[in-house]
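Take a look at the structure below.
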Amino acid sequence: MLFDPKPKEDPKDLFDREEEISKLRTGIKYPLTLLLGIRRSGKSSLIKVLMKEEDALWIYLDLRKYEGKLYLNYRDLTQELEKALNTIPDKLRKLLNGVKGVNVMGLEVKLKWGRGKVEVSDLLERLSEIGEREGKRAIIVLDESQELRKLKGYNLLYPLAYAYDNLKVSLVFTGSEVGMVYRFLKLNDAGSPLFGRAFVNVTVPPFPRDKAIEFLRRGFEEVGVRVKDDELEDAYSNLGGIPGWLTYYGFNYLQERDHRKALDKTISLGVSLIMEEFRNFLSIRRGAESRYYAIMRVCVKGCRWSDVKRAIEAKEGVEIDDKRLSELLQNLTDASFLIKENDEYKPADIMISKAFESPINMGSY
Ligand code: ADP
Ligand code: MG
């Protein structure tokens with residue numbers, strides 16, 4: 001069902017995206033693929049559908065839950081790996097026996113994270129061997145991989161670079177905070193283990209107007225509900241083309257049976273999700289909260305660097321360092337709250353504009 005708010009897994013529930021799926025299908029034949037797009041554009045759905053379609057040794061790690069956390073440690077990482085390994089077929093799981101730090105008890109895999117801990121490179125090496133033996137590619141998916149930049153006390157880039165260079169595994173990194181994924185992987189940083197490695201880049205853009213409306217029309221048709229064309233148009237003008245918001249709208253409509261109510265409900269949920277994500281963003285940037293709120297407010301309808309400088313200086317009554325200001329703007333663009341086009345910064349999504357337009361969301365800022 002198109003209006004199911006969970007990530008889609010069944011190919012028949014995935015609307016459009018032939019091009020992205022086909023690029024991804026190519027990507028997984030290579031060592032490294034980045035799947036990037038803002039939140040709720042449909043990255044997890046694309047991966048999950050591909051996991052159903054492509055026979056491979058899939059290892060899928062969902063890192064979204066670390067969004068609100070300040071950091072993760074080796075134990076968190078091994079727990080996520082353990083969870084993922086426990087979903088592979090039983091007979092393959094048994095083949096993990098013998099890797100240091102791995103216990104297969106009955107059918108359950110346990111990974112050690114303390115003394116005698118499992119090494120990610122050993123694990124990847126074994127997965128590569130199992131894949132080769134089975135004639136399947138081992139594909140490791142790190143969904144919302146930018147969270148891994150908060151991994152403390154362990155540099156995951158070394159085993160990943162080792163896998164890239166020596167093993168038959170494919171790595172797929174998804175990310176909603178596009179700039180943060182680059183910051184984590186440091187592909188352009190000469191001192192970094194993954195420096196200079198080639199990768200396949202797949203981006204997942206919002207639907208353009210026609211597709212968005214067709215998505216809604218198809219979703220309603222599927223459940224036999226008739227909705228007026230101008231309501232579909234109105235839904236698009238208010239929500240834009242991000243599949244996640246369109247899906248919520250459809251889902252809400254089916255409950256409310258009223259366009260206006262469904263739209264209001266979607267916007268109010270959307271705005272609260274965005275504000276929660278913004279608070280997560282701020283949680284690791286203590287001290288600069290009011291400046292970040294101020295920037296978002298100035299940039300709601302688009303802004304230039306100098307507009308922001310003027311606004312912050314007017315608010316604080318002191319001069320702000322140019323480098324510091326650029327850094328704040330860069331952090332907001334890297335986290336995909338703002339996008340930069342030419343010299344203009346603007347909210348990455350209509351819902352982000354709505355969230356920062358409304359003074360109620362600004363709290364004491
Ligand atoms: P992301 O991982 O990029 O945040 P999700 O895959 O979780 O996005 O998708 C967000 C929401 O939008 C989910 O409810 C999902 O079912 C829906 N969705 C996204 N893309 C599509 C699509 N192409 N067809 C149908 N539903 C989609
Ligand atoms: Mg996702």
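Residues in the structure tokens are numbered from 1 in each chain, the chains being A, B, ... in the order shown, and ligands are numbered from 1 in the order shown.
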Show me, as a PyMOL selection string, the residues that have an atom within 12 Å of segment 69-81 of chain A when counting only C-alpha atoms, minus same-chain residues fewer than 3 positions from it. chain A and resi 58-66+84-88+101-102+109-115+117-120+123-124+140-143+145-156+277+279-286
Could you please take those selected residues and save N, CA and C atoms as a short mmCIF file (atom, residue, chain, number, x, y, z; two decimals), in the first residue's frame?
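For reference, out.cif as written:
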```
data_model
loop_
_atom_site.label_atom_id
_atom_site.label_comp_id
_atom_site.auth_asym_id
_atom_site.auth_seq_id
_atom_site.Cartn_x
_atom_site.Cartn_y
_atom_site.Cartn_z
N TRP A 58 23.05 -9.88 2.39
CA TRP A 58 22.80 -8.51 2.84
C TRP A 58 23.00 -8.38 4.34
N ILE A 59 23.75 -7.37 4.73
CA ILE A 59 23.92 -7.06 6.15
C ILE A 59 23.47 -5.62 6.32
N TYR A 60 22.31 -5.43 6.94
CA TYR A 60 21.70 -4.10 6.99
C TYR A 60 21.72 -3.53 8.42
N LEU A 61 22.40 -2.42 8.59
CA LEU A 61 22.47 -1.78 9.91
C LEU A 61 21.67 -0.48 9.89
N ASP A 62 20.74 -0.37 10.83
CA ASP A 62 19.91 0.83 10.91
C ASP A 62 20.46 1.74 12.01
N LEU A 63 21.04 2.85 11.62
CA LEU A 63 21.72 3.71 12.61
C LEU A 63 20.88 4.92 12.99
N ARG A 64 19.68 4.96 12.47
CA ARG A 64 18.80 6.12 12.71
C ARG A 64 18.59 6.40 14.20
N LYS A 65 18.54 5.32 14.97
CA LYS A 65 18.22 5.50 16.38
C LYS A 65 19.31 6.28 17.13
N TYR A 66 20.47 6.49 16.53
CA TYR A 66 21.54 7.24 17.20
C TYR A 66 21.46 8.74 16.92
N ALA A 84 22.20 -7.39 12.85
CA ALA A 84 22.17 -7.60 11.40
C ALA A 84 22.57 -9.03 11.05
N LEU A 85 23.58 -9.54 11.72
CA LEU A 85 24.06 -10.89 11.40
C LEU A 85 23.03 -11.95 11.77
N ASN A 86 22.19 -11.62 12.75
CA ASN A 86 21.17 -12.58 13.14
C ASN A 86 19.99 -12.64 12.16
N THR A 87 20.05 -11.84 11.12
CA THR A 87 18.99 -11.93 10.11
C THR A 87 19.45 -12.69 8.86
N ILE A 88 20.73 -13.07 8.79
CA ILE A 88 21.14 -13.80 7.58
C ILE A 88 20.71 -15.27 7.71
N GLY A 101 36.16 -13.39 18.65
CA GLY A 101 35.15 -12.51 19.22
C GLY A 101 33.73 -12.82 18.76
N VAL A 102 33.58 -13.91 17.97
CA VAL A 102 32.25 -14.29 17.51
C VAL A 102 31.86 -15.63 18.10
N VAL A 109 23.97 -15.53 16.83
CA VAL A 109 25.33 -14.97 16.84
C VAL A 109 25.47 -14.00 18.00
N LYS A 110 26.58 -14.11 18.72
CA LYS A 110 26.92 -13.13 19.76
C LYS A 110 28.28 -12.56 19.45
N LEU A 111 28.39 -11.26 19.55
CA LEU A 111 29.68 -10.63 19.29
C LEU A 111 30.24 -10.05 20.59
N LYS A 112 31.52 -10.29 20.83
CA LYS A 112 32.15 -9.72 22.02
C LYS A 112 32.61 -8.31 21.72
N TRP A 113 32.40 -7.44 22.70
CA TRP A 113 32.83 -6.05 22.50
C TRP A 113 33.85 -5.61 23.53
N GLY A 114 34.02 -6.41 24.60
CA GLY A 114 34.99 -6.06 25.64
C GLY A 114 36.31 -6.77 25.36
N ARG A 115 36.78 -7.53 26.37
CA ARG A 115 38.03 -8.26 26.16
C ARG A 115 37.84 -9.33 25.08
N LYS A 117 37.54 -8.74 21.95
CA LYS A 117 36.46 -8.23 21.10
C LYS A 117 36.64 -8.62 19.63
N VAL A 118 35.52 -8.63 18.96
CA VAL A 118 35.52 -8.93 17.53
C VAL A 118 36.15 -7.74 16.78
N GLU A 119 36.91 -8.04 15.76
CA GLU A 119 37.46 -6.98 14.90
C GLU A 119 36.59 -6.87 13.65
N VAL A 120 36.20 -5.66 13.33
CA VAL A 120 35.32 -5.48 12.17
C VAL A 120 35.98 -6.03 10.90
N LEU A 123 35.56 -9.74 10.66
CA LEU A 123 34.17 -10.06 10.34
C LEU A 123 33.90 -9.85 8.84
N LEU A 124 34.39 -8.73 8.34
CA LEU A 124 34.17 -8.42 6.92
C LEU A 124 34.88 -9.46 6.05
N ILE A 140 27.16 -4.72 2.66
CA ILE A 140 26.96 -4.13 3.99
C ILE A 140 26.29 -2.77 3.79
N VAL A 141 25.10 -2.63 4.38
CA VAL A 141 24.39 -1.34 4.27
C VAL A 141 24.45 -0.62 5.60
N LEU A 142 24.95 0.58 5.61
CA LEU A 142 24.93 1.40 6.82
C LEU A 142 23.92 2.52 6.58
N ASP A 143 22.70 2.29 7.10
CA ASP A 143 21.61 3.24 6.85
C ASP A 143 21.72 4.40 7.85
N SER A 145 24.32 6.57 7.76
CA SER A 145 25.72 6.35 8.15
C SER A 145 26.38 7.56 8.79
N GLN A 146 25.80 8.75 8.58
CA GLN A 146 26.45 9.93 9.19
C GLN A 146 26.50 9.80 10.71
N GLU A 147 25.61 8.97 11.30
CA GLU A 147 25.65 8.80 12.75
C GLU A 147 26.99 8.21 13.21
N LEU A 148 27.65 7.48 12.32
CA LEU A 148 28.91 6.82 12.69
C LEU A 148 30.04 7.81 12.92
N ARG A 149 29.84 9.05 12.52
CA ARG A 149 30.91 10.01 12.81
C ARG A 149 30.98 10.29 14.31
N LYS A 150 29.92 9.87 15.03
CA LYS A 150 29.93 10.05 16.48
C LYS A 150 30.54 8.85 17.22
N LEU A 151 31.04 7.89 16.46
CA LEU A 151 31.64 6.70 17.07
C LEU A 151 32.94 7.10 17.76
N LYS A 152 33.00 6.83 19.08
CA LYS A 152 34.17 7.27 19.86
C LYS A 152 35.13 6.11 20.13
N GLY A 153 36.39 6.42 20.08
CA GLY A 153 37.41 5.46 20.50
C GLY A 153 37.71 4.38 19.48
N TYR A 154 37.23 4.53 18.28
CA TYR A 154 37.46 3.49 17.28
C TYR A 154 37.34 4.12 15.90
N ASN A 155 38.30 3.85 15.05
CA ASN A 155 38.20 4.41 13.70
C ASN A 155 37.74 3.34 12.71
N LEU A 156 36.47 3.41 12.39
CA LEU A 156 35.86 2.43 11.51
C LEU A 156 36.39 2.54 10.07
N GLU A 277 14.20 16.92 15.09
CA GLU A 277 15.47 16.68 14.41
C GLU A 277 16.42 17.86 14.60
N ARG A 279 16.44 19.80 17.25
CA ARG A 279 16.96 19.71 18.62
C ARG A 279 18.08 18.67 18.71
N ASN A 280 17.93 17.57 17.96
CA ASN A 280 19.03 16.58 17.92
C ASN A 280 20.30 17.21 17.36
N PHE A 281 20.13 17.98 16.32
CA PHE A 281 21.26 18.67 15.71
C PHE A 281 21.93 19.59 16.74
N LEU A 282 21.09 20.28 17.52
CA LEU A 282 21.65 21.22 18.51
C LEU A 282 22.29 20.52 19.69
N SER A 283 21.84 19.28 19.95
CA SER A 283 22.30 18.62 21.17
C SER A 283 23.82 18.43 21.19
N ILE A 284 24.44 18.34 20.02
CA ILE A 284 25.90 18.24 20.05
C ILE A 284 26.56 19.59 19.74
N ARG A 285 25.76 20.65 19.82
CA ARG A 285 26.30 21.98 19.52
C ARG A 285 25.88 22.98 20.58
N ARG A 286 26.00 22.55 21.81
CA ARG A 286 25.59 23.38 22.93
C ARG A 286 26.29 24.74 22.93
#
```
Using only C-alpha atoms, which residues sit within 12 Å of Lys211 of chain A once same-chain residues fewer than 3 positions away are excluded, as a list of chain:residue names?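 What passes the distance filter is A:Phe15, A:Asp16, A:Arg17, A:Pro205, A:Pro206, A:Phe207, A:Pro208, A:Glu214, A:Phe215, A:Leu216, A:Arg217, A:Arg218, A:Gly219, A:Leu232, A:Glu233, A:Tyr236, A:Gly240, A:Gly241, A:Ile242, A:Pro243, A:Leu246.
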Non-local contacts of Ala311 of chain A (10 Å; only C-alpha atoms; under 3 positions in same chain excluded) as a ChimeraX atom specification: /A:291,294-295,297-298,306-308,314-317
Grab the residues selected above and save them as a compact mmCIF listing (two decimals), in the first residue's frame with C-alpha atoms.
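Result file follows (out17.txt):
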```
# COMPACT_ATOMS: atom_id res chain seq x y z
CA ARG A 291 22.42 31.56 16.76
CA ALA A 294 18.29 32.94 14.42
CA ILE A 295 19.89 31.77 11.18
CA ARG A 297 14.58 32.26 11.00
CA VAL A 298 16.43 34.72 8.74
CA SER A 306 25.56 39.11 4.61
CA ASP A 307 21.87 39.00 5.64
CA VAL A 308 22.72 36.47 8.30
CA ALA A 314 21.76 43.21 15.34
CA LYS A 315 20.47 40.59 17.74
CA GLU A 316 23.64 40.24 19.78
CA GLY A 317 24.90 43.79 19.51
```
Assign secondary structure with DSSP using the backbone only, and return the residues of segment 77-180 of chain A in alpha helix (DSSP H) as a PyMOL selection string. chain A and resi 77-85+90-93+120-134+157-166+178-180
Which residues are near ligand 2 in this structure, taking near to mean any atom at most 12 Å from a ligand atom and counting only C-alpha atoms and all ligand atoms? Format them as a VMD selection string. chain A and resid 5 to 9 35 to 48 60 to 65 67 141 to 146 173 to 177 204 243 to 244
For Ser128 of chain A, which residue among A:Asp90, A:Asn188, A:Ala212, A:Pro31 is the nearest when counting only C-alpha atoms?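 Going through A:Asp90, A:Asn188, A:Ala212, A:Pro31 one by one, the smallest distance to Ser128 of chain A is for A:Pro31.
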Please compute the atom CA of Lys94 of chain A-atom CA of Gly106 of chain A distance, one decimal, in Å. 8.6 Å
Do a neighbour search on Trp305 of chain A at 8 Å with only C-alpha atoms, toss out local chain neighbours closer than 5 positions, and write the hits as a VMD selection string. chain A and resid 326 343 to 345
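Candidate residues A:Tyr249, A:Phe199, A:Tyr162, A:Phe184 were compared for distance to Leu32 of chain A, and the nearest is A:Phe199, using only C-alpha atoms.
Considering the residues A:Asn97, A:Asn238, A:Thr203, A:Asn342 and counting only C-alpha atoms, Arg304 of chain A has its shortest atom-to-atom contact with A:Asn342.
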A:Gly98, A:Ala56, A:Gly250, A:Ala161: which is nearest ligand 1, counting only C-alpha atoms and all ligand atoms?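 Of A:Gly98, A:Ala56, A:Gly250, A:Ala161, the one nearest ligand 1 is A:Gly250, counting only C-alpha atoms and all ligand atoms.
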Could you please determine the separation between atom CA of Glu222 of chain A and atom CA of Glu20 of chain A in Å, to one decimal place?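 Separation between atom CA of Glu222 of chain A and atom CA of Glu20 of chain A: 23.5 Å.
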Neighbour list for Glu54 of chain A as a compact mmCIF listing (two decimals) with C-alpha atoms, in the first residue's frame, cut-off 10 Å, only C-alpha atoms, skip fewer than 4 positions in-chain:
```txt
# COMPACT_ATOMS: atom_id res chain seq x y z
CA ARG A 25 21.81 -2.12 -8.78
CA ILE A 28 26.30 -2.77 -5.47
CA VAL A 49 13.16 -3.14 -2.02
CA LEU A 50 16.52 -3.93 -3.56
CA TRP A 58 22.80 -8.51 2.84
CA LYS A 136 26.71 -14.12 -3.66
CA ARG A 137 28.06 -10.71 -3.02
```
Using only C-alpha atoms and all ligand atoms, which residue out of A:Ser121, A:Asp258, A:Thr247, A:Leu92 lies closest to ligand 1?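 Checking each of A:Ser121, A:Asp258, A:Thr247, A:Leu92 against ligand 1, counting only C-alpha atoms and all ligand atoms, the winner is A:Thr247.
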Report the distance between atom CA of Leu328 of chain A and atom CA of Pro193 of chain A in Å, rounded to one decimal place. 27.2 Å
Set the distance at 9 Å and use only C-alpha atoms: which residues neighbour Ser272 of chain A once local chain neighbours fewer than 4 positions away are removed? I'd like the list as a VMD selection string. chain A and resid 267 to 268 276 to 277 355 361
Output C-alpha atoms for every residue in the selection just made, as a tab-separated table (two decimals), in the first residue's frame.
```tsv
chain	number	residue	atom	x	y	z
A	267	ILE	CA	1.82	19.73	8.68
A	268	SER	CA	1.60	19.65	12.42
A	276	GLU	CA	12.81	17.29	17.05
A	277	GLU	CA	15.47	16.68	14.41
A	355	ALA	CA	8.67	24.85	11.02
A	361	ASN	CA	8.33	26.67	17.44
```
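The shortest atom-to-atom distance to ligand 1, with only C-alpha atoms and all ligand atoms taken into account, belongs to A:Leu2 out of A:Ile320, A:Leu269, A:Cys299, A:Leu2.
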Per DSSP on the backbone, filter segment 198-235 of chain A down to the residues in strand (DSSP E or B) and report them as a PyMOL selection string. chain A and resi 200-203
